[in-house]
Each structure stands twice: as C-alpha cells, then as structure tokens.
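Asks: If it helps, the file is called protein-v6.txt and holds compact mmCIF, N, CA and C atoms and all ligand atoms:
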# COMPACT_ATOMS: atom_id res chain seq x y z
N MET A 219 -6.50 -18.58 -10.25
CA MET A 219 -5.45 -17.63 -9.85
C MET A 219 -5.61 -16.34 -10.66
N ASN A 220 -5.67 -15.24 -9.97
CA ASN A 220 -5.79 -13.96 -10.65
C ASN A 220 -4.45 -13.56 -11.26
N THR A 221 -4.49 -12.92 -12.41
CA THR A 221 -3.27 -12.35 -12.97
C THR A 221 -3.08 -10.97 -12.36
N ALA A 222 -1.85 -10.42 -12.52
CA ALA A 222 -1.57 -9.11 -11.94
C ALA A 222 -2.57 -8.08 -12.45
N GLN A 223 -2.91 -8.16 -13.73
CA GLN A 223 -3.79 -7.15 -14.31
C GLN A 223 -5.22 -7.24 -13.76
N GLN A 224 -5.58 -8.39 -13.17
CA GLN A 224 -6.92 -8.50 -12.58
C GLN A 224 -6.92 -8.03 -11.13
N LEU A 225 -5.73 -7.88 -10.56
CA LEU A 225 -5.62 -7.50 -9.16
C LEU A 225 -5.36 -6.00 -9.03
N LEU A 226 -5.50 -5.51 -7.81
CA LEU A 226 -5.35 -4.08 -7.57
C LEU A 226 -4.04 -3.79 -6.84
N CYS A 227 -3.37 -2.74 -7.29
CA CYS A 227 -2.19 -2.23 -6.60
C CYS A 227 -2.69 -1.46 -5.38
N PRO A 228 -2.21 -1.77 -4.17
CA PRO A 228 -2.70 -1.08 -2.97
C PRO A 228 -1.92 0.18 -2.61
N ALA A 229 -1.06 0.65 -3.51
CA ALA A 229 -0.33 1.90 -3.28
C ALA A 229 -0.36 2.74 -4.55
N ALA A 230 -1.56 2.84 -5.11
CA ALA A 230 -1.72 3.58 -6.37
C ALA A 230 -1.82 5.07 -6.11
N GLU A 231 -1.61 5.83 -7.16
CA GLU A 231 -1.86 7.26 -7.09
C GLU A 231 -3.36 7.50 -7.29
N LEU A 232 -3.77 8.74 -7.05
CA LEU A 232 -5.19 9.09 -7.19
C LEU A 232 -5.54 9.18 -8.67
N ARG A 233 -5.81 7.99 -9.26
CA ARG A 233 -6.22 7.96 -10.66
C ARG A 233 -7.74 7.97 -10.73
N ARG A 234 -8.25 8.07 -11.95
CA ARG A 234 -9.71 8.11 -12.12
C ARG A 234 -10.37 6.80 -11.69
N ASP A 235 -9.61 5.70 -11.77
CA ASP A 235 -10.19 4.39 -11.41
C ASP A 235 -9.79 3.96 -10.00
N ALA A 236 -9.34 4.90 -9.17
CA ALA A 236 -8.85 4.54 -7.84
C ALA A 236 -9.97 4.47 -6.80
N SER A 237 -9.74 3.64 -5.79
CA SER A 237 -10.60 3.60 -4.61
C SER A 237 -9.76 3.92 -3.39
N ILE A 238 -10.39 4.52 -2.38
CA ILE A 238 -9.69 4.81 -1.13
C ILE A 238 -9.73 3.55 -0.28
N ILE A 239 -8.57 3.11 0.20
CA ILE A 239 -8.56 1.91 1.05
C ILE A 239 -8.11 2.22 2.48
N GLY A 240 -7.62 3.43 2.72
CA GLY A 240 -7.22 3.75 4.09
C GLY A 240 -6.79 5.19 4.23
N ILE A 241 -6.64 5.59 5.48
CA ILE A 241 -6.19 6.95 5.82
C ILE A 241 -4.82 6.85 6.46
N ILE A 242 -3.96 7.84 6.14
CA ILE A 242 -2.62 7.87 6.73
C ILE A 242 -2.60 8.97 7.78
N PRO A 243 -2.65 8.60 9.06
CA PRO A 243 -2.62 9.62 10.12
C PRO A 243 -1.21 10.19 10.29
N PRO A 244 -1.05 11.20 11.15
CA PRO A 244 0.28 11.82 11.31
C PRO A 244 1.39 10.84 11.68
N ASP A 245 1.06 9.76 12.40
CA ASP A 245 2.14 8.82 12.76
C ASP A 245 2.55 7.93 11.59
N GLY A 246 1.86 8.06 10.44
CA GLY A 246 2.24 7.34 9.23
C GLY A 246 1.76 5.91 9.16
N LYS A 247 1.09 5.43 10.20
CA LYS A 247 0.63 4.03 10.21
C LYS A 247 -0.79 3.97 9.67
N VAL A 248 -0.95 3.34 8.53
CA VAL A 248 -2.23 3.40 7.80
C VAL A 248 -3.36 2.76 8.59
N SER A 249 -4.51 3.42 8.59
CA SER A 249 -5.73 2.88 9.15
C SER A 249 -6.61 2.46 7.97
N PHE A 250 -6.78 1.15 7.78
CA PHE A 250 -7.47 0.65 6.59
C PHE A 250 -8.98 0.65 6.76
N PHE A 251 -9.69 0.79 5.63
CA PHE A 251 -11.14 0.71 5.61
C PHE A 251 -11.57 -0.75 5.53
N GLY A 252 -12.75 -1.04 6.04
CA GLY A 252 -13.31 -2.39 5.91
C GLY A 252 -13.75 -2.68 4.49
N LYS A 253 -13.93 -1.62 3.71
CA LYS A 253 -14.37 -1.77 2.32
C LYS A 253 -13.82 -0.60 1.50
N PRO A 254 -13.22 -0.87 0.34
CA PRO A 254 -12.73 0.25 -0.49
C PRO A 254 -13.87 1.17 -0.91
N VAL A 255 -13.58 2.46 -0.98
CA VAL A 255 -14.58 3.46 -1.35
C VAL A 255 -14.10 4.16 -2.63
N PRO A 256 -14.91 4.15 -3.70
CA PRO A 256 -14.47 4.82 -4.94
C PRO A 256 -14.09 6.27 -4.67
N ALA A 257 -12.94 6.67 -5.20
CA ALA A 257 -12.44 8.04 -5.00
C ALA A 257 -13.05 8.93 -6.08
N VAL A 258 -14.31 9.28 -5.90
CA VAL A 258 -15.05 10.03 -6.93
C VAL A 258 -15.73 11.24 -6.30
N GLY A 259 -16.45 11.97 -7.12
CA GLY A 259 -17.31 13.06 -6.66
C GLY A 259 -16.56 14.16 -5.94
N GLU A 260 -17.17 14.67 -4.86
CA GLU A 260 -16.59 15.82 -4.14
C GLU A 260 -15.25 15.48 -3.53
N PHE A 261 -15.12 14.22 -3.05
CA PHE A 261 -13.82 13.84 -2.48
C PHE A 261 -12.73 14.02 -3.52
N ARG A 262 -12.98 13.48 -4.69
CA ARG A 262 -11.95 13.55 -5.73
C ARG A 262 -11.64 14.99 -6.12
N GLN A 263 -12.69 15.77 -6.31
CA GLN A 263 -12.48 17.18 -6.69
C GLN A 263 -11.63 17.91 -5.66
N GLU A 264 -11.97 17.72 -4.38
CA GLU A 264 -11.24 18.41 -3.32
C GLU A 264 -9.80 17.89 -3.21
N ALA A 265 -9.64 16.57 -3.35
CA ALA A 265 -8.29 15.99 -3.26
C ALA A 265 -7.41 16.47 -4.39
N VAL A 266 -7.98 16.56 -5.59
CA VAL A 266 -7.21 17.05 -6.74
C VAL A 266 -6.86 18.52 -6.53
N ARG A 267 -7.82 19.30 -6.01
CA ARG A 267 -7.58 20.72 -5.79
C ARG A 267 -6.44 20.94 -4.79
N ARG A 268 -6.46 20.16 -3.69
CA ARG A 268 -5.42 20.32 -2.66
C ARG A 268 -4.08 19.74 -3.11
N GLY A 269 -4.13 18.68 -3.91
CA GLY A 269 -2.90 18.03 -4.37
C GLY A 269 -2.31 17.08 -3.35
N HIS A 270 -1.43 16.20 -3.81
CA HIS A 270 -0.68 15.27 -2.95
C HIS A 270 -1.59 14.43 -2.04
N ALA A 271 -2.71 13.98 -2.56
CA ALA A 271 -3.63 13.19 -1.74
C ALA A 271 -2.97 11.92 -1.20
N GLU A 272 -1.95 11.44 -1.90
CA GLU A 272 -1.30 10.19 -1.49
C GLU A 272 -0.55 10.33 -0.18
N ARG A 273 -0.36 11.56 0.28
CA ARG A 273 0.30 11.74 1.58
C ARG A 273 -0.68 11.45 2.72
N ASN A 274 -1.98 11.53 2.42
CA ASN A 274 -2.99 11.39 3.48
C ASN A 274 -3.88 10.17 3.32
N PHE A 275 -3.88 9.59 2.13
CA PHE A 275 -4.75 8.44 1.88
C PHE A 275 -3.98 7.36 1.13
N ARG A 276 -4.44 6.12 1.27
CA ARG A 276 -3.94 5.05 0.42
C ARG A 276 -5.02 4.73 -0.60
N PHE A 277 -4.60 4.58 -1.84
CA PHE A 277 -5.52 4.28 -2.93
C PHE A 277 -5.18 2.95 -3.57
N ALA A 278 -6.20 2.27 -4.05
CA ALA A 278 -6.00 1.05 -4.83
C ALA A 278 -6.54 1.28 -6.23
N ALA A 279 -5.84 0.72 -7.21
CA ALA A 279 -6.26 0.82 -8.61
C ALA A 279 -5.64 -0.36 -9.35
N PRO A 280 -6.17 -0.69 -10.55
CA PRO A 280 -5.62 -1.83 -11.28
C PRO A 280 -4.10 -1.75 -11.43
N CYS A 281 -3.45 -2.88 -11.19
CA CYS A 281 -1.99 -2.98 -11.31
C CYS A 281 -1.57 -2.59 -12.73
N LEU A 282 -0.55 -1.75 -12.83
CA LEU A 282 -0.07 -1.30 -14.14
C LEU A 282 0.93 -2.28 -14.76
N GLY A 283 1.33 -3.27 -14.02
CA GLY A 283 2.28 -4.25 -14.55
C GLY A 283 3.55 -3.59 -15.03
N ALA A 284 3.96 -3.94 -16.23
CA ALA A 284 5.25 -3.48 -16.76
C ALA A 284 5.32 -1.96 -16.96
N GLN A 285 4.18 -1.27 -16.86
CA GLN A 285 4.20 0.19 -17.00
C GLN A 285 4.62 0.88 -15.70
N CYS A 286 4.78 0.13 -14.62
CA CYS A 286 5.15 0.70 -13.32
C CYS A 286 6.64 0.53 -13.08
N SER A 287 7.26 1.57 -12.48
CA SER A 287 8.71 1.52 -12.23
C SER A 287 9.09 0.47 -11.19
N LYS A 288 8.12 0.03 -10.40
CA LYS A 288 8.40 -1.00 -9.38
C LYS A 288 8.30 -2.41 -9.93
N TRP A 289 7.91 -2.56 -11.19
CA TRP A 289 7.74 -3.88 -11.81
C TRP A 289 9.10 -4.37 -12.28
N LYS A 290 9.58 -5.45 -11.68
CA LYS A 290 10.89 -5.98 -12.03
C LYS A 290 10.79 -7.48 -12.25
N GLN A 291 11.35 -7.95 -13.33
CA GLN A 291 11.39 -9.38 -13.64
C GLN A 291 10.00 -10.04 -13.52
N GLY A 292 9.02 -9.37 -14.09
CA GLY A 292 7.69 -9.96 -14.17
C GLY A 292 6.86 -9.91 -12.92
N ARG A 293 7.27 -9.10 -11.94
CA ARG A 293 6.46 -8.98 -10.72
C ARG A 293 6.71 -7.64 -10.03
N CYS A 294 5.87 -7.34 -9.06
CA CYS A 294 6.03 -6.12 -8.28
C CYS A 294 7.16 -6.32 -7.27
N SER A 295 8.20 -5.51 -7.39
CA SER A 295 9.38 -5.69 -6.53
C SER A 295 9.12 -5.29 -5.09
N LEU A 296 8.04 -4.56 -4.83
CA LEU A 296 7.77 -4.13 -3.46
C LEU A 296 7.33 -5.29 -2.57
N VAL A 297 6.73 -6.32 -3.18
CA VAL A 297 6.21 -7.42 -2.36
C VAL A 297 7.35 -8.10 -1.60
N GLY A 298 8.45 -8.37 -2.28
CA GLY A 298 9.60 -9.00 -1.62
C GLY A 298 10.13 -8.13 -0.49
N ALA A 299 10.15 -6.81 -0.71
CA ALA A 299 10.64 -5.90 0.33
C ALA A 299 9.73 -5.93 1.55
N LEU A 300 8.42 -6.01 1.33
CA LEU A 300 7.48 -6.06 2.46
C LEU A 300 7.61 -7.36 3.23
N VAL A 301 7.70 -8.46 2.49
CA VAL A 301 7.82 -9.77 3.15
C VAL A 301 9.10 -9.82 3.96
N HIS A 302 10.18 -9.31 3.39
CA HIS A 302 11.46 -9.30 4.11
C HIS A 302 11.36 -8.43 5.37
N ALA A 303 10.71 -7.27 5.24
CA ALA A 303 10.58 -6.37 6.39
C ALA A 303 9.81 -7.05 7.52
N SER A 304 8.73 -7.74 7.19
CA SER A 304 7.95 -8.43 8.22
C SER A 304 8.76 -9.53 8.88
N ALA A 305 9.48 -10.28 8.04
CA ALA A 305 10.21 -11.43 8.57
C ALA A 305 11.37 -11.01 9.46
N SER A 306 11.85 -9.79 9.28
CA SER A 306 13.05 -9.38 10.02
C SER A 306 12.78 -8.32 11.08
N ASN A 307 11.50 -8.00 11.32
CA ASN A 307 11.19 -6.93 12.26
C ASN A 307 10.10 -7.38 13.22
N ASN A 308 10.47 -7.61 14.47
CA ASN A 308 9.51 -8.10 15.46
C ASN A 308 8.39 -7.12 15.74
N GLU A 309 8.68 -5.84 15.60
CA GLU A 309 7.65 -4.83 15.85
C GLU A 309 6.52 -4.97 14.84
N ILE A 310 6.88 -5.27 13.60
CA ILE A 310 5.86 -5.44 12.56
C ILE A 310 5.10 -6.74 12.79
N LEU A 311 5.84 -7.81 13.05
CA LEU A 311 5.21 -9.11 13.24
C LEU A 311 4.21 -9.09 14.39
N ALA A 312 4.55 -8.39 15.45
CA ALA A 312 3.72 -8.39 16.66
C ALA A 312 2.35 -7.77 16.41
N GLN A 313 2.24 -6.95 15.37
CA GLN A 313 0.96 -6.26 15.13
C GLN A 313 -0.01 -7.07 14.30
N GLY A 314 0.44 -8.15 13.69
CA GLY A 314 -0.47 -8.98 12.90
C GLY A 314 -0.97 -8.28 11.65
N GLU A 315 -1.97 -8.89 11.04
CA GLU A 315 -2.52 -8.34 9.78
C GLU A 315 -3.60 -7.31 10.09
N PRO A 316 -3.59 -6.21 9.35
CA PRO A 316 -4.65 -5.22 9.57
C PRO A 316 -5.99 -5.72 9.02
N HIS A 317 -7.08 -5.16 9.54
CA HIS A 317 -8.40 -5.46 8.98
C HIS A 317 -8.56 -4.58 7.75
N CYS A 318 -8.42 -5.20 6.59
CA CYS A 318 -8.41 -4.44 5.34
C CYS A 318 -9.39 -5.06 4.36
N GLY A 319 -10.21 -4.22 3.76
CA GLY A 319 -11.25 -4.73 2.88
C GLY A 319 -10.80 -5.06 1.47
N LEU A 320 -9.52 -4.85 1.18
CA LEU A 320 -9.06 -5.09 -0.19
C LEU A 320 -8.64 -6.54 -0.41
N ARG A 321 -8.38 -7.22 0.65
CA ARG A 321 -7.71 -8.53 0.68
C ARG A 321 -7.84 -9.40 -0.58
N GLU A 322 -9.04 -9.80 -0.95
CA GLU A 322 -9.19 -10.76 -2.06
C GLU A 322 -8.71 -10.21 -3.39
N ARG A 323 -8.74 -8.89 -3.55
CA ARG A 323 -8.38 -8.29 -4.85
C ARG A 323 -7.02 -7.64 -4.84
N CYS A 324 -6.28 -7.79 -3.75
CA CYS A 324 -5.01 -7.08 -3.58
C CYS A 324 -3.84 -7.87 -4.18
N TYR A 325 -3.06 -7.22 -5.02
CA TYR A 325 -1.89 -7.88 -5.63
C TYR A 325 -0.89 -8.28 -4.54
N TRP A 326 -0.61 -7.39 -3.63
CA TRP A 326 0.40 -7.67 -2.59
C TRP A 326 -0.03 -8.85 -1.73
N GLN A 327 -1.30 -8.87 -1.30
CA GLN A 327 -1.76 -9.97 -0.45
C GLN A 327 -1.76 -11.28 -1.23
N ASN A 328 -2.17 -11.23 -2.48
CA ASN A 328 -2.25 -12.44 -3.30
C ASN A 328 -0.87 -13.04 -3.60
N THR A 329 0.16 -12.21 -3.62
CA THR A 329 1.49 -12.72 -3.97
C THR A 329 2.43 -12.78 -2.77
N GLY A 330 2.18 -12.01 -1.73
CA GLY A 330 3.07 -11.99 -0.56
C GLY A 330 2.43 -12.52 0.71
N GLY A 331 1.12 -12.77 0.68
CA GLY A 331 0.42 -13.34 1.83
C GLY A 331 0.43 -12.46 3.07
N ALA A 332 0.33 -13.10 4.22
CA ALA A 332 0.18 -12.38 5.49
C ALA A 332 1.35 -11.45 5.77
N LYS A 333 2.55 -11.84 5.41
CA LYS A 333 3.72 -11.00 5.71
C LYS A 333 3.67 -9.68 4.93
N ALA A 334 3.17 -9.72 3.72
CA ALA A 334 3.00 -8.46 2.97
C ALA A 334 1.99 -7.57 3.67
N CYS A 335 0.90 -8.16 4.13
CA CYS A 335 -0.13 -7.37 4.84
C CYS A 335 0.43 -6.76 6.11
N GLN A 336 1.24 -7.51 6.84
CA GLN A 336 1.74 -7.01 8.12
C GLN A 336 2.57 -5.73 7.94
N ALA A 337 3.34 -5.66 6.88
CA ALA A 337 4.19 -4.48 6.67
C ALA A 337 3.47 -3.38 5.89
N CYS A 338 2.36 -3.71 5.29
CA CYS A 338 1.66 -2.79 4.38
C CYS A 338 1.24 -1.49 5.06
N ARG A 339 0.94 -1.53 6.34
CA ARG A 339 0.45 -0.33 7.03
C ARG A 339 1.51 0.77 7.12
N TYR A 340 2.75 0.44 6.80
CA TYR A 340 3.82 1.44 6.88
C TYR A 340 4.17 2.05 5.52
N VAL A 341 3.34 1.76 4.53
CA VAL A 341 3.63 2.23 3.17
C VAL A 341 2.79 3.45 2.82
N SER A 342 3.43 4.43 2.20
CA SER A 342 2.67 5.53 1.60
C SER A 342 3.31 5.82 0.25
N SER A 343 2.52 6.34 -0.67
CA SER A 343 3.09 6.74 -1.95
C SER A 343 3.09 8.25 -2.00
N ASP A 344 3.84 8.80 -2.90
CA ASP A 344 3.99 10.25 -2.94
C ASP A 344 3.96 10.71 -4.39
N ALA A 345 2.87 11.36 -4.74
CA ALA A 345 2.70 11.76 -6.14
C ALA A 345 3.64 12.89 -6.54
N ARG A 346 4.28 13.54 -5.55
CA ARG A 346 5.23 14.60 -5.92
C ARG A 346 6.43 13.99 -6.64
N LEU A 347 6.74 12.75 -6.28
CA LEU A 347 7.85 12.04 -6.91
C LEU A 347 7.21 10.87 -7.64
N PRO A 348 7.02 10.94 -8.94
CA PRO A 348 6.22 9.96 -9.66
C PRO A 348 6.57 8.51 -9.31
N LYS A 349 5.53 7.78 -9.00
CA LYS A 349 5.62 6.35 -8.69
C LYS A 349 6.59 6.05 -7.55
N THR A 350 6.71 6.98 -6.62
CA THR A 350 7.56 6.74 -5.46
C THR A 350 6.72 6.15 -4.34
N VAL A 351 7.20 5.09 -3.74
CA VAL A 351 6.52 4.49 -2.60
C VAL A 351 7.49 4.50 -1.44
N ARG A 352 7.05 5.06 -0.32
CA ARG A 352 7.91 5.12 0.86
C ARG A 352 7.50 4.04 1.85
N PHE A 353 8.48 3.50 2.53
CA PHE A 353 8.22 2.49 3.53
C PHE A 353 8.84 2.99 4.83
N SER A 354 8.01 3.27 5.82
CA SER A 354 8.52 3.86 7.06
C SER A 354 8.20 2.97 8.24
N ALA A 355 8.81 1.79 8.27
CA ALA A 355 8.55 0.83 9.34
C ALA A 355 9.24 1.27 10.62
N PRO A 356 8.73 0.83 11.77
CA PRO A 356 9.43 1.13 13.02
C PRO A 356 10.76 0.40 13.04
N PRO A 357 11.75 0.92 13.76
CA PRO A 357 13.03 0.21 13.83
C PRO A 357 12.85 -1.12 14.54
N SER A 358 13.56 -2.14 14.08
CA SER A 358 13.50 -3.43 14.76
C SER A 358 14.22 -3.31 16.10
N ARG A 359 14.03 -4.29 16.98
CA ARG A 359 14.68 -4.22 18.30
C ARG A 359 16.19 -4.20 18.13
N ARG A 360 16.67 -4.94 17.10
CA ARG A 360 18.10 -4.98 16.87
C ARG A 360 18.61 -3.58 16.49
N GLU A 361 17.84 -2.88 15.65
CA GLU A 361 18.23 -1.53 15.24
C GLU A 361 18.18 -0.57 16.42
N GLN A 362 17.15 -0.76 17.28
CA GLN A 362 17.01 0.13 18.44
C GLN A 362 18.19 -0.02 19.40
N ALA A 363 18.70 -1.26 19.50
CA ALA A 363 19.79 -1.53 20.44
C ALA A 363 21.12 -1.02 19.92
N ALA A 364 21.20 -0.82 18.60
CA ALA A 364 22.49 -0.44 17.99
C ALA A 364 22.85 1.00 18.35
S1 LIG A 401 -1.37 -5.97 1.42
FE1 LIG A 401 -2.98 -6.61 2.84
S2 LIG A 401 -3.28 -4.84 4.21
FE2 LIG A 401 -2.18 -4.09 2.38
S3 LIG A 401 -3.80 -3.36 1.00
FE3 LIG A 401 -3.36 -5.50 0.45
S4 LIG A 401 -4.87 -6.70 1.61
FE4 LIG A 401 -4.79 -4.65 2.52
Show this structure as structure tokens.

Replies:
Amino acid sequence: MNTAQQLLCPAAELRRDASIIGIIPPDGKVSFFGKPVPAVGEFRQEAVRRGHAERNFRFAAPCLGAQCSKWKQGRCSLVGALVHASASNNEILAQGEPHCGLRERCYWQNTGGAKACQACRYVSSDARLPKTVRFSAPPSRREQAA
C-alpha cells in the first residue's frame, strides 16, 4: 500500500516537480492524457510567463500531506467530496471512468477508487487563489427538475 507521500496529487499547482495529466477545455470537462508529461522546458517557461496555467491544464505532483489546506484528519478531504458527488449524480455516473494515465500513482484513485475517478474530470485548481480547487459538476437530474 502506498502512503500519501508516495502518491501524486492530481490537482496540483504548476510546481517544479509537476507533470501535465490533462487539458481543461472551455466546457471545463478535463481531457486526460494516456501518460503524464513532465511540465518542463518551453512548456513550463511559457506557462509561467502567461500565468494561471491551472485554469487550462491539470497537473500532478507529490501529495503535500499536512502542508495542504485540503488535508483534514489525516487524509485529503477532496476524495470524500468526489465520491459523494459520483454517488449522488447520475450524470457523472453515466460517464464512467476517464482513460487517465495517472491511475496507479494517483492519491485520489488509490483512496477513492472508481467513484473518485468519475467525478475527477470536473475538477480544476486555480493558482490565483492559493490551493483552491473548484468542482464544477453538471447538475444532477434532481437539481435540473427543481
Ligand atoms: S482520480 Fe482517476 S481520473 Fe483523476 S487523476 Fe486520478 S487516476 Fe486520473
């Protein structure tokens, strides 16, 4: 069993040790890569120059554990929110798990399983607001009917 520190946070900011795991298109639904790509070289330089890369890409980097504001009671509090979102939203469930190359090394997948993956495509982080992670899932059928 991997410890949190051996696993990767899939909603990291563009740190020096980050890899790109997906692109966030205008509709906000992440398109994941089959394999993480190190965020280095010209990509990194250009992303840093433009700023706010987390609005357009998802990055993975080693889990910060207790140094992260989302770490509560010895675990990442976002995992429970993702699992709950999947379990309570038919729109998310219907889409299944994305094809994502991070799977074996992902903290969320390792601790939240398939339900965490199903909701993961709706997550983006925003470096303008330190350690802020946004979750923009489609409304459930119940919400749409209300
Ligand atoms: S939770 Fe699943 S879909 Fe999201 S980054 Fe981890 S392995 Fe990929």

Asks: Quick one, how far is atom C of A:Pro280 from atom C of A:Asp245?

Replies: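 Atom-to-atom, atom C of A:Pro280 to atom C of A:Asp245, that is 25.8 Å.
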
Asks: Point out the residue among A:Ser287, A:Asn274, A:Ser249, A:Ser295 with the least atom-to-atom distance to A:Cys318, counting only C-alpha atoms.

Replies: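 Checking each candidate against A:Cys318, we get A:Ser249 as the closest.
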
Asks: One decimal, Å: what's the distance from atom N of A:Gly298 over to atom CA of A:Ala334, could you say?

Replies: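 Atom-to-atom, atom N of A:Gly298 and atom CA of A:Ala334 are spaced 7.6 Å apart.
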
Asks: Using only C-alpha atoms, give me every residue within 10 Å of (6.5, -0.8, 11.7) in file coordinates, as number ranges by chain.

Replies: A: 246-247, 303-304, 307-313, 336-341, 353-358

Asks: Which is closest to A:Pro316 among A:Phe250, A:Val255, A:Gly269, A:Gly330, if we use all atoms listed in the file?

Replies: A:Phe250
